[in-house]
Structure formats: C-alpha cells, structure tokens
file my_file12.csv (CSV, C-alpha atoms and all ligand atoms)
chain,number,residue,atom,x,y,z
A,1,MET,CA,-43.4,32.4,19.3
A,2,SER,CA,-41.7,34.1,22.2
A,3,GLU,CA,-42.8,31.1,24.4
A,4,VAL,CA,-41.1,28.6,22.1
A,5,LYS,CA,-37.9,30.7,22.1
A,6,GLU,CA,-38.0,30.9,25.8
A,7,GLU,CA,-38.4,27.1,26.0
A,8,LEU,CA,-35.4,26.5,23.7
A,9,THR,CA,-33.1,28.9,25.4
A,10,GLY,CA,-34.2,28.1,28.9
A,11,ASP,CA,-33.1,25.2,31.1
A,12,MET,CA,-34.0,22.2,28.9
A,13,LEU,CA,-33.0,19.7,31.5
A,14,PRO,CA,-34.0,21.2,34.8
A,15,GLY,CA,-32.1,19.9,37.8
A,16,ILE,CA,-29.2,18.5,35.8
A,17,GLY,CA,-26.9,21.4,36.8
A,18,PRO,CA,-23.2,20.5,37.2
A,19,LEU,CA,-23.8,17.2,35.6
A,20,GLU,CA,-24.5,19.0,32.4
A,21,GLU,CA,-21.1,20.7,32.6
A,22,ILE,CA,-19.3,17.4,33.3
A,23,LEU,CA,-21.1,15.7,30.4
A,24,THR,CA,-20.1,18.6,28.1
A,25,ILE,CA,-16.5,18.3,29.1
A,26,ILE,CA,-16.5,14.5,28.6
A,27,GLY,CA,-18.1,15.0,25.2
A,28,LEU,CA,-15.6,17.6,24.2
A,29,LEU,CA,-12.7,15.4,25.4
A,30,TYR,CA,-14.0,12.5,23.4
A,31,ALA,CA,-14.6,14.6,20.3
A,32,GLY,CA,-11.1,16.0,20.6
A,33,LYS,CA,-9.6,12.5,20.9
A,34,VAL,CA,-11.6,11.4,17.8
A,35,ILE,CA,-10.4,14.4,15.8
A,36,ILE,CA,-6.8,14.2,16.9
A,37,TYR,CA,-6.6,10.4,16.1
A,38,ALA,CA,-8.3,11.0,12.7
A,39,LEU,CA,-5.9,13.9,11.8
A,40,TRP,CA,-2.9,11.9,12.9
A,41,ASP,CA,-3.9,8.9,10.8
A,42,LEU,CA,-4.6,11.2,7.8
A,43,LEU,CA,-1.1,12.7,8.1
A,44,ILE,CA,0.5,9.2,8.3
A,45,GLY,CA,-1.7,8.1,5.4
A,46,PHE,CA,-0.7,11.1,3.3
A,47,ARG,CA,3.0,10.5,3.9
A,48,ALA,CA,2.7,6.8,3.2
A,49,HIS,CA,0.4,6.9,0.2
A,50,VAL,CA,0.9,10.3,-1.5
A,51,TRP,CA,4.2,11.8,-0.5
A,52,SER,CA,6.0,8.5,-0.9
A,53,ARG,CA,4.9,8.3,-4.6
A,54,LEU,CA,6.6,11.6,-5.5
A,55,TRP,CA,10.1,10.2,-5.0
A,56,ASN,CA,12.1,7.5,-6.9
A,57,LYS,CA,12.6,4.3,-5.0
A,58,ARG,CA,16.3,3.6,-5.1
A,59,LEU,CA,15.9,0.2,-3.6
A,60,VAL,CA,19.3,-1.3,-4.6
A,61,GLU,CA,21.2,1.8,-3.4
A,62,ASN,CA,19.2,2.1,-0.2
A,63,TYR,CA,18.9,-1.5,0.8
A,64,GLY,CA,21.1,-3.9,-1.3
A,65,LYS,CA,21.2,-6.0,-4.5
A,66,TRP,CA,19.1,-9.0,-3.6
A,67,ALA,CA,15.5,-9.4,-2.4
A,68,VAL,CA,14.2,-12.6,-0.8
A,69,VAL,CA,10.5,-13.3,-1.1
A,70,THR,CA,8.8,-16.2,0.6
A,71,GLY,CA,5.6,-17.7,-0.9
A,72,SER,CA,6.5,-16.0,-4.2
A,73,THR,CA,4.7,-18.1,-6.8
A,74,ASP,CA,1.3,-16.5,-6.4
A,75,GLY,CA,-0.7,-13.6,-5.1
A,76,ILE,CA,1.0,-10.9,-3.1
A,77,GLY,CA,4.4,-12.6,-2.9
A,78,LYS,CA,4.6,-13.0,-6.6
A,79,GLU,CA,3.8,-9.3,-7.1
A,80,TYR,CA,6.4,-8.2,-4.6
A,81,ALA,CA,9.0,-10.3,-6.5
A,82,ARG,CA,7.9,-8.8,-9.8
A,83,GLN,CA,7.8,-5.2,-8.6
A,84,LEU,CA,11.1,-5.5,-6.7
A,85,ALA,CA,12.7,-6.9,-9.9
A,86,LYS,CA,11.3,-4.0,-11.9
A,87,ASN,CA,13.2,-1.8,-9.5
A,88,GLY,CA,16.4,-3.6,-10.5
A,89,MET,CA,16.7,-6.0,-7.6
A,90,ASN,CA,17.9,-9.6,-8.1
A,91,ILE,CA,15.4,-12.0,-6.5
A,92,VAL,CA,15.5,-15.2,-4.5
A,93,LEU,CA,12.2,-16.9,-4.9
A,94,ILE,CA,11.2,-19.3,-2.2
A,95,SER,CA,8.1,-21.4,-2.5
A,96,ARG,CA,7.0,-25.0,-2.5
A,97,THR,CA,6.0,-25.9,-6.1
A,98,MET,CA,9.0,-26.2,-8.6
A,99,GLU,CA,7.0,-25.8,-11.8
A,100,LYS,CA,5.4,-22.6,-10.5
A,101,LEU,CA,8.9,-21.3,-9.3
A,102,GLN,CA,10.3,-21.9,-12.8
A,103,LYS,CA,7.4,-20.2,-14.5
A,104,VAL,CA,7.5,-17.1,-12.3
A,105,SER,CA,11.3,-17.0,-12.6
A,106,ALA,CA,11.0,-17.0,-16.4
A,107,GLU,CA,8.3,-14.3,-16.4
A,108,ILE,CA,10.4,-12.0,-14.2
A,109,VAL,CA,13.6,-12.6,-16.2
A,110,GLU,CA,11.8,-11.8,-19.4
A,111,GLU,CA,10.2,-8.7,-17.9
A,112,SER,CA,13.1,-7.2,-15.9
A,113,GLY,CA,16.3,-9.1,-16.9
A,114,VAL,CA,17.5,-9.5,-13.3
A,115,GLU,CA,19.1,-12.5,-11.8
A,116,ILE,CA,16.9,-15.0,-10.1
A,117,GLU,CA,17.7,-17.8,-7.6
A,118,ILE,CA,15.0,-20.4,-7.0
A,119,VAL,CA,14.6,-22.2,-3.7
A,120,GLN,CA,12.1,-25.0,-3.4
A,121,ALA,CA,11.0,-25.3,0.3
A,122,ASP,CA,7.9,-26.3,2.1
A,123,PHE,CA,7.6,-24.1,5.2
A,124,LEU,CA,5.2,-26.7,6.7
A,125,ASP,CA,8.3,-28.9,7.3
A,126,GLY,CA,9.5,-26.5,9.9
A,127,ARG,CA,13.1,-26.3,11.3
A,128,ILE,CA,14.8,-28.6,8.7
A,129,ILE,CA,14.4,-26.4,5.7
A,130,TYR,CA,16.4,-23.4,6.9
A,131,ASP,CA,19.9,-24.8,6.6
A,132,ASP,CA,19.3,-25.3,2.9
A,133,ILE,CA,17.7,-21.8,2.5
A,134,ALA,CA,20.8,-20.3,4.3
A,135,LYS,CA,23.1,-22.0,1.7
A,136,HIS,CA,21.2,-20.3,-1.1
A,137,LEU,CA,21.5,-16.9,0.6
A,138,GLU,CA,25.3,-17.2,1.3
A,139,ASN,CA,27.5,-14.6,-0.5
A,140,LYS,CA,24.5,-12.6,-1.6
A,141,GLU,CA,24.0,-9.0,-0.4
A,142,ILE,CA,20.4,-9.4,0.9
A,143,GLY,CA,18.8,-6.0,0.8
A,144,ILE,CA,15.1,-6.8,1.3
A,145,LEU,CA,13.4,-9.8,2.9
A,146,VAL,CA,9.6,-10.1,2.3
A,147,ASN,CA,8.2,-12.5,4.9
A,148,ASN,CA,5.1,-13.1,2.9
A,149,VAL,CA,4.3,-16.8,2.9
A,150,GLY,CA,1.0,-17.6,4.6
A,151,VAL,CA,-1.9,-20.0,4.7
A,152,MET,CA,-5.5,-19.7,5.8
A,153,LEU,CA,-8.2,-22.3,6.5
A,154,PRO,CA,-9.9,-23.5,3.3
A,155,ASN,CA,-13.1,-21.9,4.7
A,156,PRO,CA,-14.3,-20.5,8.1
A,157,MET,CA,-15.0,-23.4,10.5
A,158,ASP,CA,-15.3,-24.2,14.2
A,159,PHE,CA,-11.8,-25.0,15.6
A,160,ARG,CA,-12.9,-28.5,16.7
A,161,TYR,CA,-13.1,-29.4,13.0
A,162,VAL,CA,-9.7,-27.9,12.0
A,163,ALA,CA,-7.4,-30.7,10.7
A,164,ASP,CA,-4.0,-31.3,12.5
A,165,ARG,CA,-2.2,-30.4,9.2
A,166,GLU,CA,-3.9,-27.0,9.3
A,167,ILE,CA,-2.7,-26.4,12.8
A,168,TRP,CA,0.9,-27.2,12.0
A,169,SER,CA,0.6,-25.2,8.7
A,170,HIS,CA,-0.5,-22.1,10.6
A,171,VAL,CA,2.3,-22.5,13.2
A,172,ASN,CA,5.2,-23.4,10.8
A,173,VAL,CA,4.2,-21.3,7.8
A,174,ASN,CA,2.5,-18.2,9.2
A,175,VAL,CA,4.4,-18.0,12.6
A,176,ALA,CA,7.8,-19.8,12.6
A,177,SER,CA,8.9,-18.7,9.1
A,178,VAL,CA,8.9,-15.1,10.1
A,179,PRO,CA,11.5,-15.1,12.9
A,180,ALA,CA,13.4,-18.0,11.3
A,181,MET,CA,13.9,-16.2,7.9
A,182,THR,CA,14.6,-12.9,9.8
A,183,LYS,CA,17.4,-14.7,11.7
A,184,LEU,CA,19.0,-15.8,8.5
A,185,VAL,CA,19.3,-12.2,7.0
A,186,LEU,CA,19.4,-9.8,9.9
A,187,PRO,CA,23.1,-10.2,11.1
A,188,SER,CA,24.5,-9.4,7.7
A,189,MET,CA,22.1,-6.5,7.2
A,190,ILE,CA,23.2,-5.1,10.6
A,191,SER,CA,26.9,-5.5,9.7
A,192,ARG,CA,26.3,-3.6,6.5
A,193,GLY,CA,24.1,-1.0,8.2
A,194,LYS,CA,21.3,-1.2,5.7
A,195,GLY,CA,18.4,-3.5,4.7
A,196,ALA,CA,14.7,-3.9,5.0
A,197,ILE,CA,12.4,-6.6,6.4
A,198,ILE,CA,8.8,-6.5,5.3
A,199,ASN,CA,6.5,-8.7,7.4
A,200,ILE,CA,3.1,-9.4,5.9
A,201,ALA,CA,0.6,-9.8,8.7
A,202,SER,CA,-3.1,-9.0,8.2
A,203,ILE,CA,-6.0,-6.8,9.2
A,204,ALA,CA,-7.1,-10.1,10.9
A,205,ALA,CA,-4.5,-9.2,13.6
A,206,SER,CA,-6.9,-6.4,14.7
A,207,GLY,CA,-8.8,-8.8,17.0
A,208,PRO,CA,-10.0,-12.4,17.7
A,209,ILE,CA,-11.9,-13.8,14.7
A,210,PRO,CA,-14.4,-16.6,15.5
A,211,LEU,CA,-14.3,-19.4,12.8
A,212,MET,CA,-10.9,-18.2,11.7
A,213,GLY,CA,-9.3,-18.0,15.2
A,214,ILE,CA,-6.1,-19.8,14.4
A,215,TYR,CA,-5.4,-17.6,11.4
A,216,ALA,CA,-6.1,-14.3,13.2
A,217,ALA,CA,-3.9,-15.5,16.2
A,218,SER,CA,-1.0,-16.4,13.8
A,219,LYS,CA,-1.2,-12.9,12.2
A,220,THR,CA,-1.2,-11.3,15.6
A,221,PHE,CA,2.1,-13.0,16.3
A,222,VAL,CA,3.5,-11.5,13.1
A,223,ASP,CA,2.2,-8.1,13.8
A,224,TYR,CA,3.6,-8.0,17.4
A,225,PHE,CA,6.9,-9.6,16.5
A,226,SER,CA,7.4,-7.2,13.6
A,227,GLN,CA,6.6,-4.1,15.7
A,228,ALA,CA,9.0,-5.2,18.4
A,229,LEU,CA,11.7,-5.9,15.9
A,230,GLU,CA,11.2,-2.5,14.3
A,231,TRP,CA,11.8,-0.9,17.7
A,232,GLU,CA,15.0,-3.0,18.4
A,233,CYS,CA,16.4,-2.1,14.9
A,234,ARG,CA,16.1,1.6,15.4
A,235,GLY,CA,19.5,3.2,14.9
A,236,THR,CA,20.9,0.2,13.0
A,237,GLY,CA,20.0,1.4,9.5
A,238,ILE,CA,17.5,-1.5,9.1
A,239,THR,CA,13.9,-0.7,8.1
A,240,VAL,CA,11.3,-3.1,9.5
A,241,GLN,CA,7.9,-2.7,8.1
A,242,THR,CA,4.6,-4.4,9.2
A,243,VAL,CA,2.0,-4.7,6.5
A,244,ASN,CA,-1.6,-5.5,7.6
A,245,PRO,CA,-3.7,-5.9,4.4
A,246,GLY,CA,-7.5,-6.2,4.3
A,247,TYR,CA,-8.9,-8.6,1.7
A,248,VAL,CA,-6.9,-8.9,-1.5
A,249,SER,CA,-8.1,-10.9,-4.6
A,250,THR,CA,-5.7,-13.9,-4.6
A,251,ASN,CA,-5.9,-17.7,-4.3
A,252,MET,CA,-6.2,-17.3,-0.6
A,253,THR,CA,-9.5,-15.5,-0.8
A,254,SER,CA,-10.8,-17.5,-3.8
A,255,MET,CA,-13.2,-19.5,-1.6
A,256,SER,CA,-16.0,-16.9,-2.0
A,257,ASP,CA,-16.9,-14.0,-4.3
A,258,LEU,CA,-17.6,-11.9,-1.2
A,259,ILE,CA,-13.9,-11.6,-0.5
A,260,HIS,CA,-12.4,-12.4,-3.9
A,261,ARG,CA,-14.2,-10.3,-6.6
A,262,PRO,CA,-11.9,-7.3,-7.3
A,263,SER,CA,-13.4,-3.9,-6.2
A,264,ILE,CA,-12.2,-0.8,-4.5
A,265,LEU,CA,-12.4,-2.7,-1.2
A,266,ILE,CA,-10.7,-5.8,-2.6
A,267,PRO,CA,-7.7,-4.8,-4.8
A,268,THR,CA,-5.9,-7.3,-7.1
A,269,ALA,CA,-2.5,-8.3,-5.9
A,270,ARG,CA,-0.9,-6.0,-8.4
A,271,THR,CA,-2.8,-3.0,-7.3
A,272,PHE,CA,-2.2,-3.9,-3.7
A,273,VAL,CA,1.6,-4.3,-4.0
A,274,THR,CA,1.9,-1.1,-6.1
A,275,HIS,CA,0.5,0.8,-3.2
A,276,SER,CA,2.2,-1.2,-0.4
A,277,LEU,CA,5.7,-1.2,-1.9
A,278,SER,CA,5.5,2.6,-2.3
A,279,THR,CA,5.1,2.9,1.5
A,280,LEU,CA,8.4,1.2,2.3
A,281,GLY,CA,10.6,3.6,4.2
A,282,TYR,CA,7.7,6.0,4.8
A,283,THR,CA,5.8,4.1,7.5
A,284,ALA,CA,6.7,1.3,9.9
A,285,ARG,CA,3.2,-0.1,10.1
A,286,THR,CA,0.6,0.1,7.4
A,287,SER,CA,-2.4,-1.6,5.9
A,288,GLY,CA,-0.5,-1.2,2.5
A,289,TYR,CA,-3.5,0.1,0.6
A,290,TRP,CA,-5.3,3.4,1.5
A,291,VAL,CA,-8.9,1.9,1.4
A,292,HIS,CA,-7.7,-0.8,3.9
A,293,GLY,CA,-6.2,2.1,5.9
A,294,ILE,CA,-9.6,3.7,6.3
A,295,GLN,CA,-11.1,0.3,7.3
A,296,THR,CA,-8.3,-0.2,9.9
A,297,HIS,CA,-8.9,3.3,11.3
A,298,PHE,CA,-12.6,2.5,11.9
A,299,VAL,CA,-11.9,-0.9,13.3
A,300,GLN,CA,-9.2,0.3,15.7
A,301,ASN,CA,-10.9,3.5,16.9
A,302,PHE,CA,-14.7,3.0,16.9
A,303,ILE,CA,-15.3,-0.7,17.3
A,304,SER,CA,-15.0,-2.6,20.6
A,305,THR,CA,-13.5,-6.1,20.7
A,306,TRP,CA,-16.9,-7.6,21.4
A,307,VAL,CA,-18.5,-5.9,18.3
A,308,PHE,CA,-15.5,-6.9,16.2
A,309,LYS,CA,-15.8,-10.5,17.2
A,310,TYR,CA,-19.6,-10.5,16.6
A,311,CYS,CA,-19.4,-8.8,13.2
A,312,MET,CA,-16.5,-11.1,12.1
A,313,TYR,CA,-18.5,-14.2,13.2
A,314,LEU,CA,-21.5,-13.1,11.2
A,315,PHE,CA,-19.4,-12.2,8.2
A,316,ASN,CA,-17.7,-15.6,8.3
A,317,CYS,CA,-21.1,-17.3,8.5
A,318,LEU,CA,-22.0,-15.3,5.4
A,319,ILE,CA,-18.9,-16.5,3.6
A,320,VAL,CA,-19.7,-20.1,4.4
A,321,LYS,CA,-23.2,-19.6,2.9
A,322,ASN,CA,-21.5,-18.1,-0.3
A,323,LEU,CA,-18.8,-20.7,-0.8
A,324,LYS,CA,-17.9,-20.9,-4.5
A,325,LYS,CA,-17.1,-24.5,-4.6
A,326,ASN,CA,-19.3,-27.2,-3.2
A,327,GLN,CA,-17.0,-27.8,-0.3
A,328,GLU,CA,-17.8,-29.9,2.7
A,329,VAL,CA,-18.3,-27.5,5.5
A,330,LEU,CA,-18.2,-28.6,9.0
A,331,GLY,CA,-19.7,-27.5,12.2
A,332,ILE,CA,-21.2,-24.1,11.6
A,333,PHE,CA,-24.8,-24.5,10.6
A,401,LIG,N1,-5.2,-12.3,0.2
A,401,LIG,C1,-5.6,-11.7,1.3
A,401,LIG,O1,-6.8,-11.2,1.3
A,401,LIG,C2,-4.7,-11.4,2.4
A,401,LIG,C3,-5.1,-10.5,3.4
A,401,LIG,C4,-4.3,-10.2,4.4
A,401,LIG,C5,-3.0,-10.8,4.5
A,401,LIG,N2,-2.7,-11.7,3.6
A,401,LIG,C6,-1.4,-12.4,3.8
A,401,LIG,O2,-0.6,-12.2,2.6
A,401,LIG,C7,0.3,-13.3,2.4
A,401,LIG,C8,0.2,-13.8,1.0
A,401,LIG,O3,-1.2,-14.2,0.8
A,401,LIG,P1,-1.8,-14.4,-0.7
A,401,LIG,O4,-3.2,-14.1,-0.6
A,401,LIG,O5,-0.9,-13.8,-1.7
A,401,LIG,O6,-1.7,-16.0,-0.7
A,401,LIG,P2,-1.7,-17.0,-2.0
A,401,LIG,O7,-2.2,-16.3,-3.2
A,401,LIG,O8,-2.4,-18.2,-1.5
A,401,LIG,O9,-0.2,-17.4,-2.3
A,401,LIG,C9,0.6,-18.0,-1.3
A,401,LIG,C10,2.0,-18.3,-1.7
A,401,LIG,O10,2.6,-18.9,-0.7
A,401,LIG,C11,3.1,-20.2,-1.1
A,401,LIG,N3,3.0,-21.2,-0.1
A,401,LIG,C12,1.8,-21.5,0.6
A,401,LIG,N4,2.1,-22.5,1.5
A,401,LIG,C13,3.4,-22.7,1.4
A,401,LIG,C14,4.3,-23.6,2.1
A,401,LIG,N5,3.9,-24.5,3.0
A,401,LIG,N6,5.6,-23.6,1.7
A,401,LIG,C15,6.1,-22.8,0.8
A,401,LIG,N7,5.3,-21.9,0.1
A,401,LIG,C16,4.0,-21.9,0.4
A,401,LIG,C17,2.2,-20.6,-2.3
A,401,LIG,O11,2.9,-21.5,-3.1
A,401,LIG,P3,2.1,-22.5,-4.0
A,401,LIG,O12,1.8,-21.7,-5.2
A,401,LIG,O13,3.0,-23.6,-4.3
A,401,LIG,O14,0.9,-22.9,-3.3
A,401,LIG,C18,2.0,-19.2,-2.9
A,401,LIG,O15,3.1,-18.9,-3.7
A,401,LIG,C19,-0.1,-14.3,3.5
A,401,LIG,O16,0.8,-14.2,4.5
A,401,LIG,C20,-1.5,-13.9,3.9
A,401,LIG,O17,-1.8,-14.3,5.2
A,401,LIG,C21,-3.4,-12.0,2.5
call {"tool": "encode", "arguments": {"input": "my_file12.csv", "output": "structure tokens"}}
result
Amino acid sequence: MSEVKEELTGDMLPGIGPLEEILTIIGLLYAGKVIIYALWDLLIGFRAHVWSRLWNKRLVENYGKWAVVTGSTDGIGKEYARQLAKNGMNIVLISRTMEKLQKVSAEIVEESGVEIEIVQADFLDGRIIYDDIAKHLENKEIGILVNNVGVMLPNPMDFRYVADREIWSHVNVNVASVPAMTKLVLPSMISRGKGAIINIASIAASGPIPLMGIYAASKTFVDYFSQALEWECRGTGITVQTVNPGYVSTNMTSMSDLIHRPSILIPTARTFVTHSLSTLGYTARTSGYWVHGIQTHFVQNFISTWVFKYCMYLFNCLIVKNLKKNQEVLGIF
C-alpha cells in the first residue's frame, strides 16, 4: 500500500522536469481562456435572452413609426413583419409574389390593425428595383429595416453544377440587397438620430461550407458588412444588429427533414423571431435564439476551420441522402 502511495506521489514522469511546469502553465492558460470566453458568452447571452425580456419594447418611440421587411411573405421575414406590427409599427412589406404579399398584408391588418404598404420587387433583378422601392419609402419615418431576404441552393451540390441563375440570385438577393436597402434608409435615420437596421446573416458565416460554398460566402459578406456598419454608426443613435441563425424550420430548409422538422435545435420561424426580436437593442451580434447561441459558441471556440469544413461536408452529404423530394441531385455521389 505504501509502495503504491509512493508511486502516485513520486515523480511520475522522471526526467520531464521544467517541461512539466511549462506544460502546466500552458494548460492553465488554455483552461483560463476557455473559462473566460464561456463566462463572457454566458453574460452576453443572459443580457440578450433573459434580461431583454423583462422590459417592454417601445419600438415606435425608440426607433420610429414604420418598419421595412424584405422577403416578408414567408418564414423569418413574415414573422418579423407580424411581430413588429404587434408592437404597433406600420409595415412596408417587400417581396416578389403579389398574391402572397396581399395575403400576408390582410393577415397582419386583421391581427394588429396597423398600416401596411406593399412593394412587389424581385431582388434578383438587381440595381433597377431600388428607385421604385425608394419612392414607396418617401415621406415615411422608417424606424426599423430588416434586411431579411435570402436564397439558398435547392440542395447541397458541387459548385460546378450550380446554375447561373443561382449565382446571380446569391449575389443580388443575399449580398447586394443588404447595402442597397441600407443606403435607402440610413441617411434619414441619421438625421433623425434614431433607427435600427437588422441584418439577417447565418451561422453559415462561421466558415467555408463545401457543397453550399456560395451561400456561406454570401452570408459572410452580410456578417462582415453588418459588423462594420455597427461600428461606424456608434454615436449616431442608430442600432445595427447582425443576426446569425442556425437552422430554422421554413421553406428554405424544407428540402430535408434533417434540417426542417421543428425541435429544440430547429425552431419554427415564430419561436425564432420571438427570441431574436427580444434581443434588439441588447446585443449587436447574436444567433437570435439561445440554443443556436450555444451551437455558435462551440463552433467558434472549439472547432478548427478544417474540422468545420469536414463536418459540414459530411452533413451536407447526409442531407442529400435524405432529400424529401425526388430531386435531381448532381455531382455529389
Ligand atoms: N431558415 C433557416 O434555417 C435560416 C438559417 C439562417 C439564416 N437564414 C436567413 O434568413 C433569411 C430568411 O430565410 P427564410 O428561411 O425565412 O426563407 P424563406 O422561408 O424561403 O422565405 C424567403 C422570403 O424571401 C422572399 N424572396 C425570396 N427570393 C426573393 C427575391 N428574389 N425577391 C424578393 N423576395 C424574395 C420569399 O418570397 P416568395 O414567397 O415570393 O418566395 C419569401 O418571402 C434569409 O436571409 C436566410 O438566408 C435562414
């Protein structure tokens, strides 16, 4: 017994000497970093997701009378429009399908009794649509802009099979719409000294995603542009928020049950926006939903870019295997 004790308390790695101390210090520094980052993220998460809910959102007083939501006839955009209207804001709905615009407008008017302006525009058309949108926004006190409109590939695929239309969609809808819409509302927000711009990027902006490369790259643009704009707008009274959601159960994710069936990991658009809207004014960059916040923390702090790419590649292959519809899938297997 005493021999065993001696063995345990004695020099277990003879000859390691000063190296042992160096390794201990490195270990302690690493553990300290992990703990500090986790505590910081917990604090930010608490402020964004718990503290924020204790207070009334006075959106009209804080930001202005009207909210503009792009891509507002379905999914996350439709929910932002609904929930902003429930907070008393008039809404400008911008989307491409007139029947859906009219239907969503009628639903919101019935539910909240606010004023709605409909703008039919296809963001794929690029530069030419913005003069008309600007006319609809004239003489309105735009308090909040939600840059939500976005597209994704119909399913994961090798880039060489991505159609030209998809390329221009990602560029004009996901990328160009964000600065172009921001340019339309920012000057009047600055002159009033209040307003908020919410940019919907994605957790996909966390790293390169094989088989969805063009989508992830387009969301990285939104993430970086939005963070830079937030910095530039400090001191002007304008809030700029970047929202990077994980999977949400919407049309966009309807290709496979793996990313569409609602669960604690995959909220409905209603649950997601209830959480994300409550974070407005409490954090400049958020996943919007606390479970996605935990996912983001792990991706950003514990996973190397190589591991991220490899895992996302495997996951996208799995999605292709589980496609709901009998779609034609090119170039993966
Ligand atoms: N769902 C997710 O898991 C998820 C995760 C992270 C980030 N996001 C981001 O969240 C945003 C909203 O996604 P979602 O899932 O709510 O999408 P969604 O359900 O597919 O809805 C997209 C909305 O945008 C409109 N739209 C699409 N292309 C358009 C175009 N060319 N011109 C005008 N309007 C257009 C659609 O109008 P129509 O009804 O006429 O098609 C629809 O109202 C996107 O930016 C997306 O990248 C989504």
call {"tool": "residues_near_point", "arguments": {"input": "my_file12.csv", "point": "(0.7, 1.6, -3.5)", "cutoff": "10 Å", "atoms": "all atoms listed in the file", "output": "PyMOL selection string"}}
result
chain A and resi 48-50+52-53+270-280+288-290
call {"tool": "residues_near_ligand", "arguments": {"input": "my_file12.csv", "ligand": "ligand LIG 401 (chain A)", "cutoff": "6 Å", "atoms": "only C-alpha atoms and all ligand atoms", "output": "PyMOL selection string"}}
result
chain A and resi 71-77+95-97+121-124+148-151+173+200-202+245-253
call {"tool": "closest_residue", "arguments": {"input": "my_file12.csv", "among": "A:Asn244, A:Ser112, A:Asn147, A:Thr236", "to": "Ile197 in chain A", "atoms": "only C-alpha atoms"}}
result
A:Asn147
call {"tool": "closest_atom_pairs", "arguments": {"input": "my_file12.csv", "of": "range 190-298 of chain A", "to": "range 306-313 of chain A", "cutoff": "9 Å", "atoms": "only C-alpha atoms", "output": "Markdown table"}}
result
| residue | atom | partner | partner_atom | distance |
| --- | --- | --- | --- | --- |
| A:Ser206 | CA | A:Phe308 | CA | 8.7 |
| A:Gly207 | CA | A:Phe308 | CA | 7.0 |
| A:Pro208 | CA | A:Lys309 | CA | 6.1 |
| A:Ile209 | CA | A:Lys309 | CA | 5.7 |
| A:Pro210 | CA | A:Tyr313 | CA | 5.3 |
| A:Leu211 | CA | A:Tyr313 | CA | 6.7 |
| A:Met212 | CA | A:Tyr313 | CA | 8.7 |
call {"tool": "write_last_selection", "arguments": {"input": "my_file12.csv", "atoms": "C-alpha atoms", "output": "PDB file, in the frame of the given file"}}
result
ATOM      1  CA  SER A 206      -6.900  -6.400  14.700  1.00  0.00           C
ATOM      2  CA  GLY A 207      -8.800  -8.800  17.000  1.00  0.00           C
ATOM      3  CA  PRO A 208     -10.000 -12.400  17.700  1.00  0.00           C
ATOM      4  CA  ILE A 209     -11.900 -13.800  14.700  1.00  0.00           C
ATOM      5  CA  PRO A 210     -14.400 -16.600  15.500  1.00  0.00           C
ATOM      6  CA  LEU A 211     -14.300 -19.400  12.800  1.00  0.00           C
ATOM      7  CA  MET A 212     -10.900 -18.200  11.700  1.00  0.00           C
TER       8      MET A 212
END
call {"tool": "atom_distance", "arguments": {"input": "my_file12.csv", "atom1": "CA of Val175 in chain A", "atom2": "CA of Gly45 in chain A"}}
result
27.8 Å
call {"tool": "closest_residue", "arguments": {"input": "my_file12.csv", "among": "A:Arg261, A:Lys321, A:His297, A:Lys183", "to": "Leu42 in chain A", "atoms": "only C-alpha atoms"}}
result
A:His297
call {"tool": "atom_distance", "arguments": {"input": "my_file12.csv", "atom1": "CA of Ile91 in chain A", "atom2": "CA of Val68 in chain A"}}
result
5.9 Å
call {"tool": "atom_distance", "arguments": {"input": "my_file12.csv", "atom1": "CA of Thr70 in chain A", "atom2": "CA of Cys233 in chain A"}}
result
21.5 Å
call {"tool": "residues_near_point", "arguments": {"input": "my_file12.csv", "point": "(9.8, 0.5, 17.4)", "cutoff": "12 Å", "atoms": "only C-alpha atoms", "output": "compact mmCIF listing (two decimals) with C-alpha atoms, keeping the file's coordinate frame"}}
result
# COMPACT_ATOMS: atom_id res chain seq x y z
CA TYR A 224 3.60 -8.00 17.40
CA PHE A 225 6.90 -9.60 16.50
CA SER A 226 7.40 -7.20 13.60
CA GLN A 227 6.60 -4.10 15.70
CA ALA A 228 9.00 -5.20 18.40
CA LEU A 229 11.70 -5.90 15.90
CA GLU A 230 11.20 -2.50 14.30
CA TRP A 231 11.80 -0.90 17.70
CA GLU A 232 15.00 -3.00 18.40
CA CYS A 233 16.40 -2.10 14.90
CA ARG A 234 16.10 1.60 15.40
CA GLY A 235 19.50 3.20 14.90
CA THR A 236 20.90 0.20 13.00
CA ILE A 238 17.50 -1.50 9.10
CA THR A 239 13.90 -0.70 8.10
CA VAL A 240 11.30 -3.10 9.50
CA GLN A 241 7.90 -2.70 8.10
CA THR A 242 4.60 -4.40 9.20
CA THR A 283 5.80 4.10 7.50
CA ALA A 284 6.70 1.30 9.90
CA ARG A 285 3.20 -0.10 10.10
call {"tool": "closest_residue", "arguments": {"input": "my_file12.csv", "among": "A:Ile264, A:Leu314, A:Leu101, A:Ile294", "to": "Phe46 in chain A", "atoms": "only C-alpha atoms"}}
result
A:Ile294
call {"tool": "residues_around", "arguments": {"input": "my_file12.csv", "residues": "Leu186 in chain A", "least_positions_apart": "2", "cutoff": "10 Å", "atoms": "only C-alpha atoms", "output": "MDAnalysis selection string"}}
result
chainID A and resid 142:143 145 179 181:184 188:192 194:197 233 238
call {"tool": "closest_residue", "arguments": {"input": "my_file12.csv", "among": "A:Leu54, A:Val291, A:Ala176, A:Met157", "to": "Ile319 in chain A", "atoms": "all atoms listed in the file"}}
result
A:Met157
call {"tool": "closest_residue", "arguments": {"input": "my_file12.csv", "among": "A:Ile25, A:Pro187, A:Val109, A:Val243", "to": "Arg82 in chain A", "atoms": "all atoms listed in the file"}}
result
A:Val109
call {"tool": "closest_residue", "arguments": {"input": "my_file12.csv", "among": "A:Tyr130, A:Trp40, A:Tyr215, A:Trp168", "to": "Asn155 in chain A", "atoms": "all atoms listed in the file"}}
result
A:Tyr215
